[in-house]
$ cat upload_10.pdb   # PDB, C-alpha atoms, pLDDT in the B column
MODEL        1
ATOM      1  CA  MET K 234     167.990 141.681  69.215  1.00 88.00           C
ATOM      2  CA  ILE K 235     170.213 142.619  66.287  1.00 93.00           C
ATOM      3  CA  HIS K 236     171.204 146.262  65.889  1.00 95.00           C
ATOM      4  CA  LEU K 237     173.257 147.813  63.084  1.00 96.00           C
ATOM      5  CA  ILE K 238     175.992 150.343  63.663  1.00 96.00           C
ATOM      6  CA  GLU K 239     178.593 152.007  61.435  1.00 97.00           C
ATOM      7  CA  LYS K 240     182.169 152.403  62.658  1.00 96.00           C
ATOM      8  CA  SER K 241     185.390 153.539  61.065  1.00 94.00           C
ATOM      9  CA  LYS K 242     188.189 151.000  61.205  1.00 92.00           C
ATOM     10  CA  LYS K 243     190.222 153.181  63.550  1.00 92.00           C
ATOM     11  CA  ASP K 244     187.313 153.276  66.048  1.00 95.00           C
ATOM     12  CA  LEU K 245     187.091 149.503  66.487  1.00 96.00           C
ATOM     13  CA  ASP K 246     188.030 148.372  69.982  1.00 96.00           C
ATOM     14  CA  GLU K 247     190.291 145.370  70.582  1.00 96.00           C
ATOM     15  CA  LYS K 248     187.406 143.040  71.422  1.00 97.00           C
ATOM     16  CA  GLU K 249     185.704 143.916  68.137  1.00 97.00           C
ATOM     17  CA  LYS K 250     188.935 143.385  66.203  1.00 97.00           C
ATOM     18  CA  GLU K 251     189.405 139.950  67.799  1.00 97.00           C
ATOM     19  CA  GLN K 252     185.836 138.948  66.978  1.00 97.00           C
ATOM     20  CA  LEU K 253     186.159 140.165  63.393  1.00 97.00           C
ATOM     21  CA  GLU K 254     189.459 138.368  62.926  1.00 97.00           C
ATOM     22  CA  ARG K 255     187.826 135.059  63.901  1.00 96.00           C
ATOM     23  CA  ILE K 256     184.906 135.664  61.538  1.00 97.00           C
ATOM     24  CA  ILE K 257     187.152 136.674  58.618  1.00 97.00           C
ATOM     25  CA  LYS K 258     189.270 133.534  59.113  1.00 95.00           C
ATOM     26  CA  ARG K 259     186.103 131.492  58.638  1.00 92.00           C
ATOM     27  CA  TYR K 260     185.918 132.766  55.037  1.00 92.00           C
ATOM     28  CA  TYR K 261     189.629 133.180  54.317  1.00 94.00           C
ATOM     29  CA  LYS K 262     191.235 130.123  55.873  1.00 93.00           C
ATOM     30  CA  GLY K 263     194.413 130.820  53.897  1.00 93.00           C
ATOM     31  CA  ALA K 264     194.749 134.372  55.220  1.00 95.00           C
ATOM     32  CA  LYS K 265     198.170 135.475  56.400  1.00 95.00           C
ATOM     33  CA  GLN K 266     198.305 137.883  59.335  1.00 95.00           C
ATOM     34  CA  GLU K 267     199.019 140.728  56.878  1.00 95.00           C
ATOM     35  CA  PHE K 268     195.633 140.096  55.217  1.00 95.00           C
ATOM     36  CA  LEU K 269     193.850 140.460  58.571  1.00 95.00           C
ATOM     37  CA  ASP K 270     195.878 143.473  59.693  1.00 94.00           C
ATOM     38  CA  GLN K 271     195.165 145.362  56.455  1.00 93.00           C
ATOM     39  CA  ARG K 272     191.445 145.080  57.140  1.00 94.00           C
ATOM     40  CA  LEU K 273     191.450 145.670  60.888  1.00 95.00           C
ATOM     41  CA  ARG K 274     194.585 147.511  61.987  1.00 92.00           C
ATOM     42  CA  ASP K 275     196.377 149.311  59.166  1.00 90.00           C
ATOM     43  CA  GLY K 276     196.103 149.640  55.407  1.00 87.00           C
ATOM     44  CA  PRO K 277     193.503 151.685  53.486  1.00 92.00           C
ATOM     45  CA  ASP K 278     190.615 153.389  55.242  1.00 92.00           C
ATOM     46  CA  PHE K 279     187.263 151.586  55.458  1.00 95.00           C
ATOM     47  CA  HIS K 280     184.045 152.006  57.383  1.00 96.00           C
ATOM     48  CA  LEU K 281     182.260 148.932  58.702  1.00 97.00           C
ATOM     49  CA  VAL K 282     178.591 148.176  59.159  1.00 98.00           C
ATOM     50  CA  LEU K 283     178.315 145.748  62.062  1.00 98.00           C
ATOM     51  CA  GLN K 284     175.346 143.588  62.965  1.00 97.00           C
ATOM     52  CA  LYS K 285     175.620 143.128  66.730  1.00 97.00           C
ATOM     53  CA  GLU K 286     173.653 141.202  69.311  1.00 95.00           C
ATOM     54  CA  ASP K 287     174.571 142.751  72.651  1.00 93.00           C
ATOM     55  CA  ASP K 288     178.393 142.901  72.448  1.00 93.00           C
ATOM     56  CA  GLU K 289     178.782 140.068  69.941  1.00 96.00           C
ATOM     57  CA  ILE K 290     179.387 140.806  66.267  1.00 97.00           C
ATOM     58  CA  GLN K 291     177.245 138.531  64.118  1.00 97.00           C
ATOM     59  CA  ALA K 292     178.110 140.024  60.723  1.00 97.00           C
ATOM     60  CA  ALA K 293     180.122 142.807  59.132  1.00 97.00           C
ATOM     61  CA  SER K 294     180.612 144.567  55.796  1.00 97.00           C
ATOM     62  CA  PHE K 295     183.398 146.949  54.745  1.00 97.00           C
ATOM     63  CA  TYR K 296     182.818 150.130  52.687  1.00 97.00           C
ATOM     64  CA  HIS K 297     184.587 153.263  51.529  1.00 96.00           C
ATOM     65  CA  SER K 298     182.878 156.116  49.692  1.00 94.00           C
ATOM     66  CA  GLN K 299     184.066 159.358  48.143  1.00 89.00           C
ATOM     67  CA  LYS K 300     183.095 161.952  45.567  1.00 83.00           C
ATOM     68  CA  LYS K 301     185.467 161.878  42.613  1.00 75.00           C
ATOM     69  CA  ALA K 302     185.879 163.815  39.380  1.00 70.00           C
ATOM     70  CA  GLY K 303     187.052 162.357  36.119  1.00 76.00           C
ATOM     71  CA  SER K 304     185.699 158.807  36.045  1.00 83.00           C
ATOM     72  CA  PRO K 305     185.197 157.119  32.642  1.00 86.00           C
ATOM     73  CA  PHE K 306     181.415 157.235  33.152  1.00 86.00           C
ATOM     74  CA  SER K 307     180.608 160.628  34.648  1.00 83.00           C
ATOM     75  CA  LYS K 308     182.392 163.926  35.333  1.00 80.00           C
ATOM     76  CA  HIS K 309     181.398 163.745  39.001  1.00 78.00           C
ATOM     77  CA  ALA K 310     180.207 160.599  40.732  1.00 81.00           C
ATOM     78  CA  ASN K 311     179.933 159.024  44.146  1.00 88.00           C
ATOM     79  CA  ILE K 312     182.244 156.027  44.279  1.00 93.00           C
ATOM     80  CA  VAL K 313     181.593 153.212  46.727  1.00 95.00           C
ATOM     81  CA  HIS K 314     184.290 150.621  47.294  1.00 96.00           C
ATOM     82  CA  PHE K 315     182.676 147.435  48.567  1.00 96.00           C
ATOM     83  CA  GLY K 316     185.047 145.399  50.726  1.00 96.00           C
ATOM     84  CA  ILE K 317     184.415 141.976  52.220  1.00 95.00           C
ATOM     85  CA  SER K 318     181.151 140.884  53.869  1.00 95.00           C
ATOM     86  CA  VAL K 319     181.304 138.150  56.508  1.00 95.00           C
ATOM     87  CA  LYS K 320     179.128 136.579  59.163  1.00 94.00           C
ATOM     88  CA  LYS K 321     179.558 134.391  62.212  1.00 94.00           C
ATOM     89  CA  GLU K 322     179.080 130.653  61.771  1.00 91.00           C
ATOM     90  CA  GLY K 323     175.459 129.702  62.389  1.00 90.00           C
ATOM     91  CA  TYR K 324     174.115 133.225  61.917  1.00 92.00           C
ATOM     92  CA  LYS K 325     171.159 133.188  59.507  1.00 88.00           C
ATOM     93  CA  GLY K 326     170.694 136.937  59.000  1.00 81.00           C
ATOM     94  CA  ASN K 327     171.076 138.705  55.662  1.00 85.00           C
ATOM     95  CA  VAL K 328     174.386 140.534  55.302  1.00 92.00           C
ATOM     96  CA  ILE K 329     175.116 141.954  51.847  1.00 91.00           C
ATOM     97  CA  TRP K 330     171.768 143.623  51.139  1.00 91.00           C
ATOM     98  CA  LYS K 331     170.855 144.564  54.703  1.00 94.00           C
ATOM     99  CA  ASN K 332     174.229 146.140  55.503  1.00 95.00           C
ATOM    100  CA  GLY K 333     174.477 147.749  52.072  1.00 94.00           C
ATOM    101  CA  SER K 334     171.051 149.388  52.353  1.00 92.00           C
ATOM    102  CA  PHE K 335     171.886 150.646  55.857  1.00 95.00           C
ATOM    103  CA  TYR K 336     175.179 152.152  54.673  1.00 95.00           C
ATOM    104  CA  ALA K 337     173.603 153.736  51.580  1.00 93.00           C
ATOM    105  CA  ARG K 338     170.736 155.353  53.494  1.00 92.00           C
ATOM    106  CA  LYS K 339     173.092 156.666  56.171  1.00 92.00           C
ATOM    107  CA  ASN K 340     175.619 158.117  53.721  1.00 91.00           C
ATOM    108  CA  PHE K 341     173.505 159.060  50.669  1.00 88.00           C
ATOM    109  CA  GLY K 342     169.981 159.513  52.042  1.00 86.00           C
ATOM    110  CA  ARG K 343     166.729 157.576  51.604  1.00 84.00           C
ATOM    111  CA  SER K 344     166.670 158.307  47.868  1.00 82.00           C
ATOM    112  CA  TRP K 345     170.034 156.582  47.311  1.00 82.00           C
ATOM    113  CA  LEU K 346     168.604 154.236  44.685  1.00 79.00           C
ATOM    114  CA  PHE K 347     167.916 157.220  42.426  1.00 79.00           C
ATOM    115  CA  LYS K 348     171.399 158.708  42.734  1.00 82.00           C
ATOM    116  CA  SER K 349     174.169 158.003  40.253  1.00 83.00           C
ATOM    117  CA  GLY K 350     177.166 156.118  41.490  1.00 90.00           C
ATOM    118  CA  ILE K 351     180.104 153.874  40.702  1.00 94.00           C
ATOM    119  CA  GLY K 352     180.623 150.630  42.584  1.00 95.00           C
ATOM    120  CA  ILE K 353     184.002 148.898  42.841  1.00 97.00           C
ATOM    121  CA  SER K 354     184.776 145.563  44.463  1.00 97.00           C
ATOM    122  CA  ALA K 355     187.560 142.965  44.448  1.00 97.00           C
ATOM    123  CA  ILE K 356     185.763 139.630  44.337  1.00 97.00           C
ATOM    124  CA  CYS K 357     186.773 135.983  44.726  1.00 96.00           C
ATOM    125  CA  ASN K 358     183.280 134.522  45.271  1.00 96.00           C
ATOM    126  CA  PRO K 359     180.774 133.947  42.412  1.00 96.00           C
ATOM    127  CA  LYS K 360     177.776 134.497  44.717  1.00 94.00           C
ATOM    128  CA  VAL K 361     179.110 137.930  45.658  1.00 94.00           C
ATOM    129  CA  LEU K 362     179.485 138.843  41.984  1.00 95.00           C
ATOM    130  CA  GLU K 363     175.925 137.625  41.385  1.00 94.00           C
ATOM    131  CA  ASN K 364     174.682 140.087  44.043  1.00 91.00           C
ATOM    132  CA  PHE K 365     176.872 142.932  42.739  1.00 93.00           C
ATOM    133  CA  ILE K 366     175.508 142.806  39.207  1.00 92.00           C
ATOM    134  CA  LYS K 367     171.941 142.972  40.509  1.00 91.00           C
ATOM    135  CA  LEU K 368     172.756 146.435  41.864  1.00 90.00           C
ATOM    136  CA  PHE K 369     175.040 147.395  38.943  1.00 92.00           C
ATOM    137  CA  PRO K 370     173.746 145.657  35.771  1.00 91.00           C
ATOM    138  CA  PHE K 371     176.053 147.904  33.695  1.00 92.00           C
ATOM    139  CA  ASN K 372     179.502 146.726  34.721  1.00 94.00           C
ATOM    140  CA  TYR K 373     183.025 145.857  33.637  1.00 95.00           C
ATOM    141  CA  PRO K 374     184.218 143.255  32.872  1.00 95.00           C
ATOM    142  CA  PHE K 375     181.179 140.958  33.192  1.00 91.00           C
ATOM    143  CA  SER K 376     178.481 142.720  31.145  1.00 89.00           C
ATOM    144  CA  LYS K 377     180.619 145.047  28.975  1.00 87.00           C
ATOM    145  CA  GLN K 378     183.420 144.052  26.654  1.00 81.00           C
ATOM    146  CA  ASP K 379     184.536 147.376  25.119  1.00 85.00           C
ATOM    147  CA  ASP K 380     186.849 150.164  26.327  1.00 86.00           C
ATOM    148  CA  PHE K 381     188.638 147.872  28.786  1.00 91.00           C
ATOM    149  CA  PRO K 382     191.909 149.908  28.810  1.00 92.00           C
ATOM    150  CA  LYS K 383     190.162 153.147  29.895  1.00 93.00           C
ATOM    151  CA  VAL K 384     188.351 151.432  32.760  1.00 95.00           C
ATOM    152  CA  ILE K 385     191.449 149.520  33.898  1.00 96.00           C
ATOM    153  CA  GLU K 386     193.458 152.769  33.858  1.00 95.00           C
ATOM    154  CA  PHE K 387     190.775 154.413  36.008  1.00 94.00           C
ATOM    155  CA  LEU K 388     190.768 151.515  38.480  1.00 96.00           C
ATOM    156  CA  ASP K 389     194.568 151.363  38.727  1.00 96.00           C
ATOM    157  CA  GLY K 390     194.584 155.087  39.510  1.00 94.00           C
ATOM    158  CA  TYR K 391     191.836 154.690  42.074  1.00 94.00           C
ATOM    159  CA  PHE K 392     193.670 151.912  43.927  1.00 95.00           C
ATOM    160  CA  LYS K 393     196.898 153.923  43.845  1.00 94.00           C
ATOM    161  CA  GLU K 394     195.105 156.886  45.458  1.00 93.00           C
ATOM    162  CA  ARG K 395     193.755 154.531  48.118  1.00 93.00           C
ATOM    163  CA  ASN K 396     197.266 153.207  48.814  1.00 91.00           C
ATOM    164  CA  MET K 397     196.262 149.712  47.783  1.00 94.00           C
ATOM    165  CA  ASN K 398     198.858 147.504  46.146  1.00 90.00           C
ATOM    166  CA  ILE K 399     196.603 146.458  43.259  1.00 95.00           C
ATOM    167  CA  VAL K 400     197.526 146.573  39.571  1.00 95.00           C
ATOM    168  CA  LEU K 401     195.114 144.853  37.203  1.00 97.00           C
ATOM    169  CA  ASP K 402     195.851 142.583  34.276  1.00 97.00           C
ATOM    170  CA  GLN K 403     193.834 142.697  31.036  1.00 95.00           C
ATOM    171  CA  ASP K 404     191.114 140.558  32.646  1.00 96.00           C
ATOM    172  CA  PHE K 405     190.622 142.940  35.594  1.00 97.00           C
ATOM    173  CA  CYS K 406     192.390 140.462  37.880  1.00 98.00           C
ATOM    174  CA  PHE K 407     195.192 140.600  40.450  1.00 98.00           C
ATOM    175  CA  HIS K 408     196.689 138.136  42.910  1.00 97.00           C
ATOM    176  CA  ASP K 409     196.603 138.792  46.658  1.00 96.00           C
ATOM    177  CA  ASN K 410     199.900 137.457  47.984  1.00 94.00           C
ATOM    178  CA  ASN K 411     198.553 137.536  51.545  1.00 95.00           C
ATOM    179  CA  LEU K 412     196.335 134.539  50.853  1.00 96.00           C
ATOM    180  CA  TYR K 413     197.507 130.943  50.626  1.00 95.00           C
ATOM    181  CA  PRO K 414     195.619 128.591  48.274  1.00 96.00           C
ATOM    182  CA  THR K 415     192.688 127.083  50.163  1.00 95.00           C
ATOM    183  CA  ASP K 416     190.664 123.908  49.601  1.00 96.00           C
ATOM    184  CA  ILE K 417     186.979 124.944  49.388  1.00 96.00           C
ATOM    185  CA  THR K 418     185.607 121.678  48.008  1.00 96.00           C
ATOM    186  CA  GLN K 419     183.191 121.110  50.890  1.00 94.00           C
ATOM    187  CA  GLU K 420     181.999 124.733  50.931  1.00 93.00           C
ATOM    188  CA  TYR K 421     181.795 125.316  47.177  1.00 96.00           C
ATOM    189  CA  ASP K 422     178.164 124.394  46.450  1.00 95.00           C
ATOM    190  CA  ARG K 423     176.736 126.113  49.519  1.00 90.00           C
ATOM    191  CA  TYR K 424     178.859 129.254  49.862  1.00 90.00           C
ATOM    192  CA  TYR K 425     180.446 129.925  46.472  1.00 95.00           C
ATOM    193  CA  ARG K 426     178.491 128.509  43.561  1.00 96.00           C
ATOM    194  CA  SER K 427     176.349 131.068  41.749  1.00 96.00           C
ATOM    195  CA  LYS K 428     172.976 130.282  40.177  1.00 95.00           C
ATOM    196  CA  ASN K 429     174.478 131.826  37.037  1.00 94.00           C
ATOM    197  CA  GLU K 430     176.699 129.145  35.508  1.00 95.00           C
ATOM    198  CA  LYS K 431     178.365 131.715  33.258  1.00 94.00           C
ATOM    199  CA  ILE K 432     179.777 133.363  36.381  1.00 96.00           C
ATOM    200  CA  ASN K 433     181.006 130.034  37.795  1.00 97.00           C
ATOM    201  CA  GLU K 434     182.725 129.122  34.532  1.00 96.00           C
ATOM    202  CA  ARG K 435     184.427 132.508  34.366  1.00 96.00           C
ATOM    203  CA  PHE K 436     185.995 132.046  37.815  1.00 97.00           C
ATOM    204  CA  PHE K 437     187.635 128.809  36.690  1.00 97.00           C
ATOM    205  CA  GLU K 438     188.673 130.260  33.310  1.00 97.00           C
ATOM    206  CA  LEU K 439     190.436 133.204  34.978  1.00 96.00           C
ATOM    207  CA  GLY K 440     192.135 131.056  37.614  1.00 97.00           C
ATOM    208  CA  LEU K 441     190.324 132.419  40.669  1.00 98.00           C
ATOM    209  CA  PHE K 442     189.405 128.791  41.305  1.00 98.00           C
ATOM    210  CA  GLU K 443     191.467 125.763  40.321  1.00 97.00           C
ATOM    211  CA  LYS K 444     190.588 122.082  40.229  1.00 95.00           C
ATOM    212  CA  HIS K 445     193.093 119.491  41.442  1.00 93.00           C
ATOM    213  CA  LYS K 446     191.628 116.054  40.762  1.00 89.00           C
ATOM    214  CA  GLU K 447     188.314 116.176  42.673  1.00 92.00           C
ATOM    215  CA  ASN K 448     189.162 119.198  44.809  1.00 97.00           C
ATOM    216  CA  ILE K 449     188.461 122.898  44.240  1.00 97.00           C
ATOM    217  CA  PHE K 450     190.928 125.513  45.476  1.00 97.00           C
ATOM    218  CA  LEU K 451     190.585 129.237  46.093  1.00 97.00           C
ATOM    219  CA  THR K 452     193.846 130.525  44.599  1.00 97.00           C
ATOM    220  CA  GLY K 453     194.111 134.039  46.072  1.00 96.00           C
ATOM    221  CA  LYS K 454     193.410 135.646  42.705  1.00 97.00           C
ATOM    222  CA  HIS K 455     190.628 138.269  42.600  1.00 98.00           C
ATOM    223  CA  MET K 456     188.591 139.921  39.862  1.00 98.00           C
ATOM    224  CA  VAL K 457     187.780 143.610  40.235  1.00 98.00           C
ATOM    225  CA  ILE K 458     184.270 144.526  39.126  1.00 97.00           C
ATOM    226  CA  CYS K 459     183.363 148.128  38.321  1.00 96.00           C
ATOM    227  CA  GLY K 460     179.707 149.094  37.888  1.00 94.00           C
ATOM    228  CA  TYR K 461     177.973 152.329  36.937  1.00 92.00           C
ATOM    229  CA  ARG K 462     174.440 153.084  38.105  1.00 88.00           C
ATOM    230  CA  ASN K 463     172.344 156.020  36.896  1.00 82.00           C
ATOM    231  CA  MET K 464     168.620 155.599  36.352  1.00 75.00           C
ATOM    232  CA  PHE K 465     168.507 158.765  34.223  1.00 69.00           C
ATOM    233  CA  ASP K 466     171.416 157.973  31.913  1.00 66.00           C
ATOM    234  CA  PHE K 467     170.068 155.949  29.001  1.00 53.00           C
ATOM    235  CA  ASN K 468     173.351 156.062  27.072  1.00 60.00           C
ATOM    236  CA  LYS K 469     175.628 154.489  29.644  1.00 66.00           C
ATOM    237  CA  GLY K 470     179.142 154.014  28.456  1.00 63.00           C
ATOM    238  CA  VAL K 471     182.723 155.171  28.639  1.00 65.00           C
ATOM    239  CA  LYS K 472     183.004 158.842  27.715  1.00 57.00           C
TER     240      LYS K 472
ENDMDL
END
$ encode --input "upload_10.pdb" --output "structure tokens"
Amino acid sequence: MIHLIEKSKKDLDEKEKEQLERIIKRYYKGAKQEFLDQRLRDGPDFHLVLQKEDDEIQAASFYHSQKKAGSPFSKHANIVHFGISVKKEGYKGNVIWKNGSFYARKNFGRSWLFKSGIGISAICNPKVLENFIKLFPFNYPFSKQDDFPKVIEFLDGYFKERNMNIVLDQDFCFHDNNLYPTDITQEYDRYYRSKNEKINERFFELGLFEKHKENIFLTGKHMVICGYRNMFDFNKGVK
């Protein structure tokens, strides 16, 4: 039977870290050891929602939340940083929505859908972006094209506060030097390709994916998406 638990990164035991490292490598075959260590041993703080069957981790998602003043959207807002979501090979359970709902209820209460919030995520998978914009239809840079500099300045400041070595270009992108380019040709249709072709095209245009002859490569470049959610704000926008 699958049970969900939330743990801070510092509370993971060595067996859990070893299991998670194997699962993360399944998704990030080009990951250097620094990439793994930043998510499991050092680097910025994250909490994890784990789906476990007995002592075996089947899936995991990374989150960080905080209350912050002075965002471009609201004077005071809950900010949730969505990290990576991964699952063990062969596991059929839902990860993104199941873990996300569990984390939101636990940290923001059962009425979390009605609370305002800002979501931030560094993404290199079109399917993940497709899921993100379902929760945050108002978002930069995919749905909105104005006030880019204000939002980028906010994000750069946020990452600096979190001690993350991320500085965005004008397209909301950065390159993670702890990832080698990886051939994802065989996995592309099943694990990466979005139903929204506009999203797929954008990933190639920005260089998150590159084609070499018949092969598709994950380059290590990421796009940061920033969404604002408030059911009672009918004039969403940068203040």
$ residues_around --input "upload_10.pdb" --residues "Glu289 (chain K)" --least-positions-apart "6" --cutoff "12 Å" --atoms "all atoms listed in the file" --output "VMD selection string"
chain K and resid 234 to 237 248 to 253 255 to 256 283 320 to 321 324
$ closest_residue --input "upload_10.pdb" --among "K:Lys331, K:Arg274, K:Arg343, K:Lys454" --to "Leu245 (chain K)" --atoms "all atoms listed in the file"
K:Arg274
$ resolve_selection --input "upload_10.pdb" --expression "the PyMOL selection byres ((chain K and resi 243) around 10)" --output "list of chain:residue names"
K:Lys240, K:Ser241, K:Lys242, K:Asp244, K:Leu245, K:Asp246, K:Leu273, K:Arg274, K:Asp275, K:Asp278, K:Phe279, K:His280
$ resolve_selection --input "upload_10.pdb" --expression "the PyMOL selection byres ((chain K and resi 432-447) around 9)" --output "list in words"
Cys357, Asn358, Pro359, Lys360, Leu362, Glu363, Phe375, Asp404, Cys406, His408, Thr418, Tyr425, Arg426, Ser427, Lys428, Asn429, Glu430, Lys431, Asn448, Ile449, Phe450, Leu451, Thr452, Gly453, Lys454, His455 and Met456 of chain K
$ resolve_selection --input "upload_10.pdb" --expression "the PyMOL selection byres ((chain K and resi 262-267) around 10)" --output "PyMOL selection string"
chain K and resi 254+257-261+268-276+409-417+451-453
$ closest_residue --input "upload_10.pdb" --among "K:Gly460, K:Asp287, K:Gln419, K:Glu239" --to "Ser376 (chain K)" --atoms "all atoms listed in the file"
K:Gly460
$ residues_around --input "upload_10.pdb" --residues "Val282 (chain K)" --least-positions-apart "4" --cutoff "6 Å" --atoms "only C-alpha atoms" --output "short mmCIF file (atom, residue, chain, number, x, y, z; two decimals) with C-alpha atoms, in the frame of the given file"
data_model
loop_
_atom_site.label_atom_id
_atom_site.label_comp_id
_atom_site.auth_asym_id
_atom_site.auth_seq_id
_atom_site.Cartn_x
_atom_site.Cartn_y
_atom_site.Cartn_z
CA ILE K 238 175.99 150.34 63.66
CA GLU K 239 178.59 152.01 61.44
CA ALA K 293 180.12 142.81 59.13
CA SER K 294 180.61 144.57 55.80
#
$ atom_distance --input "upload_10.pdb" --atom1 "CA of Phe295 (chain K)" --atom2 "CA of Lys308 (chain K)"
25.8 Å
$ closest_residue --input "upload_10.pdb" --among "K:Ile353, K:Ile329, K:Val361, K:Ala292" --to "Asn311 (chain K)" --atoms "all atoms listed in the file"
K:Ile353
$ decode --input "upload_10.pdb" --residues "region 333-366 of chain K" --atoms "C-alpha atoms" --output "tab-separated table (two decimals), in the first residue's frame"
chain	number	residue	atom	x	y	z
K	333	GLY	CA	1.13	18.61	-5.03
K	334	SER	CA	-2.35	18.31	-3.52
K	335	PHE	CA	-0.93	16.52	-0.47
K	336	TYR	CA	1.69	19.23	0.06
K	337	ALA	CA	-0.82	22.07	-0.44
K	338	ARG	CA	-3.37	20.64	2.00
K	339	LYS	CA	-0.70	19.97	4.61
K	340	ASN	CA	0.89	23.42	4.36
K	341	PHE	CA	-2.01	25.71	3.37
K	342	GLY	CA	-5.13	23.87	4.54
K	343	ARG	CA	-8.03	22.19	2.72
K	344	SER	CA	-9.09	25.49	1.15
K	345	TRP	CA	-5.72	25.94	-0.59
K	346	LEU	CA	-7.32	26.27	-4.02
K	347	PHE	CA	-9.01	29.49	-2.90
K	348	LYS	CA	-5.85	31.08	-1.52
K	349	SER	CA	-3.67	33.43	-3.54
K	350	GLY	CA	-0.20	32.28	-4.37
K	351	ILE	CA	2.80	32.50	-6.66
K	352	GLY	CA	4.28	29.38	-8.21
K	353	ILE	CA	7.86	29.19	-9.48
K	354	SER	CA	9.54	26.30	-11.26
K	355	ALA	CA	12.63	25.67	-13.39
K	356	ILE	CA	11.44	23.38	-16.17
K	357	CYS	CA	13.10	21.34	-18.91
K	358	ASN	CA	10.13	19.09	-19.78
K	359	PRO	CA	7.15	20.27	-21.90
K	360	LYS	CA	4.74	17.92	-20.10
K	361	VAL	CA	5.67	19.48	-16.76
K	362	LEU	CA	5.00	22.96	-18.16
K	363	GLU	CA	1.66	21.72	-19.48
K	364	ASN	CA	0.69	20.65	-15.93
K	365	PHE	CA	2.00	23.89	-14.38
K	366	ILE	CA	-0.12	26.17	-16.53
